[in-house]
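These notes concern the structure reproduced below.
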Amino acid sequence: MRTGGRRFIQVVLLSVLLAAGTAAATPITTLVVTVLGSSALDAPMVVGIARGIFEKYGLKIQVSTAASGFQALRQVADGSAQIAGAAGTAIAQTIGQGVRLKAVVVSNGDATGKVPTDSYVAVVARGASGIREGHLEDLRGKKVGVRRTSDFHQYLFFALAAKGLDPVSVVTLVDTADLFGALRSGTVDAIVSPEPGASRILRATDGAFVVQRGGGYIQFLELRVVRAEYLATHPGTMKRYTTAFAEAAQFVRTHPDETTDIMVRQQLKGVPRELARAAVGLLHPDVRISKVTAAAAQAGSDFAVKIGALRQAPAFQEMFDLRILREVEREHPEFFNDLPPIPNALKL
């Protein structure tokens, strides 16, 4: 009995020591990370938190809600958040203001150049506006509600240009966050909105209709960014974050129904499930970065320059740091095996 008792105690002590060693090997790090209110774009973040993926990698995520990508980037700039999600054009404009940012992973986009990611955005018009469905050229001389200098403004800019119109002068922009109120009151003739907002506005506004959804005018690129100084001093933390994000993004890609359930509970509260599911179906969280990604980021910068929001486009090396993502791709190929390969000609 004494021998058996000693052995039992030894086993218990060994288990405790092993557990302590494991905990010590993976310290818990707190990260403040931004998400956008009522946006499906943050699905990898929301799902990763809800399913304990970030926690598995020793990360405690504190969510900070931002009204826009620009606001999210301001939080990173002032140190109140470590990581933000924002569009390429917003990142370029913020870098142009002297903030040293580095994009480390894609939260929405397509590294192969074959997926029309801008289907997430729609131009919606009110009835009796004189605008026809499928005719973006009818926006000539109209008032259009959109957040100025945003990626939605970028979408409108390139969509109008594709129709041979001058995107700077052909419409009157109304810079408003209240797209529903502006359309319903008749303050504007049309709006540019992401999902699920566009579909909610369609349901709530008599006579409203979609003029154009997507169309391949831009890559709807959203990136996860960090201050260059934080990346340089916390590479281990950022590697754990990028690994967890890649795993969460794969779950979003391969489990849209489960993702929708989580989003409706955590992020898209009050959004009908069918609209949330449709929005999730339009996401493409391909976290990889290729020449296609670089071209999409350049297009966002070019747009900002053309409208006078940016003096000079940042170079790719100013905006991106691929080192950690490349390590994650090599060490965890299982998080990317559902994605089509990037053609050799498009690899960076």
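The way I read the labels, and the way they are meant: chains A, B, ... in the order of the structure tokens, residue 1 as the first residue of every chain, and ligand 1 as the first ligand shown, with later ones counted on from there.
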Can you list every residue of stretch 239-329 of chain A that has an atom at most 9 Å from stretch 200-219 of chain A, with its nearest atom pair and the distance in Å to one decimal, using only C-alpha atoms, ordered by chain then number, as a tab-separated table?
residue	atom	partner	partner_atom	distance
A:Val271	CA	A:Arg200	CA	7.9
A:Pro272	CA	A:Arg200	CA	8.7
A:Leu275	CA	A:Arg200	CA	7.7
A:Val292	CA	A:Gln219	CA	8.8
A:Thr293	CA	A:Gln219	CA	8.3
A:Ala296	CA	A:Gln219	CA	5.8
A:Ala297	CA	A:Gln219	CA	8.8
A:Ala299	CA	A:Ile218	CA	7.9
A:Gly300	CA	A:Ile218	CA	8.7
Would you save the residues of that selection, restricted to C-alpha atoms, as a PDB file, in the first residue's frame?
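This went into selection-v4.pdb:
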ATOM      1  CA  VAL A 271     -29.744  40.823 -38.568  1.00  0.00           C
ATOM      2  CA  PRO A 272     -32.116  38.161 -39.949  1.00  0.00           C
ATOM      3  CA  LEU A 275     -29.322  37.944 -44.650  1.00  0.00           C
ATOM      4  CA  VAL A 292      -2.842  40.069 -57.177  1.00  0.00           C
ATOM      5  CA  THR A 293      -2.986  41.348 -53.601  1.00  0.00           C
ATOM      6  CA  ALA A 296      -5.332  45.447 -55.387  1.00  0.00           C
ATOM      7  CA  ALA A 297      -3.488  47.465 -52.748  1.00  0.00           C
ATOM      8  CA  ALA A 299      -5.418  50.261 -56.928  1.00  0.00           C
ATOM      9  CA  GLY A 300      -6.587  51.464 -53.513  1.00  0.00           C
TER      10      GLY A 300
END
- Task: Give the strand (DSSP E or B) residues of stretch 49-158 of chain A, as assigned by DSSP on the backbone, as a PyMOL selection string.
- Result: chain A and resi 59-66+83-87+101-109+121-125+143-145
- Quick one: residues within 9 Å of A:Pro314, only C-alpha atoms counted, chain neighbours fewer than 6 positions away excluded, as a list in words?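 These residues fall inside the cut-off: Ala92, Gln93, Ile95, Gly96, Gln298 and Ser301 of chain A.
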- DSSP alpha helix (DSSP H) residues within stretch 191-315 of chain A, as a PyMOL selection string: chain A and resi 197-204+228-233+235-254+256-266+273-281+291-306
- Query: For A:Ala345, which of A:Ser290, A:Thr242, A:Gln62, A:Ser129 is the closest residue, counting only C-alpha atoms?
  - Reply: A:Ser290
- Item | Gap from atom CA of A:Val225 to atom CA of A:Arg148 - Å, one decimal |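 Interatomic distance here is 21.4 Å.
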- Query: What does the distance between atom CA of A:Ser38 and atom CA of A:Ala161 come to in Å, to one decimal place?
  - Reply: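 According to the coordinates, atom CA of A:Ser38 and atom CA of A:Ala161 are separated by 29.7 Å.
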- From A:Asp338, A:Lys306, A:Glu258, A:Asp42, residue lying nearest A:Pro167 [only C-alpha atoms]: A:Lys306
- Query: What lies within 9 Å of A:Ala198 using only C-alpha atoms, ignoring chain neighbours under 3 positions off, as a list in words?
  - Reply: Val121, Ala122, Val123, Val124, Phe180, Ile191, Val192, Ser193, Pro194, Glu195, Ile201, Leu202, Arg203 and Val210 of chain A
- Item | Polymer residues at most 10 Å from A:Ala249, only C-alpha atoms, same-chain spacing of 4 or more positions, as a PyMOL selection string | chain A and resi 42-45+47-48+106-108+243-245+253-255+284-287+335-336
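When only C-alpha atoms are used to compute distances to A:Gln317, the closest of the residues A:Val76, A:Leu179, A:Ala103, A:Val188 turns out to be A:Ala103.
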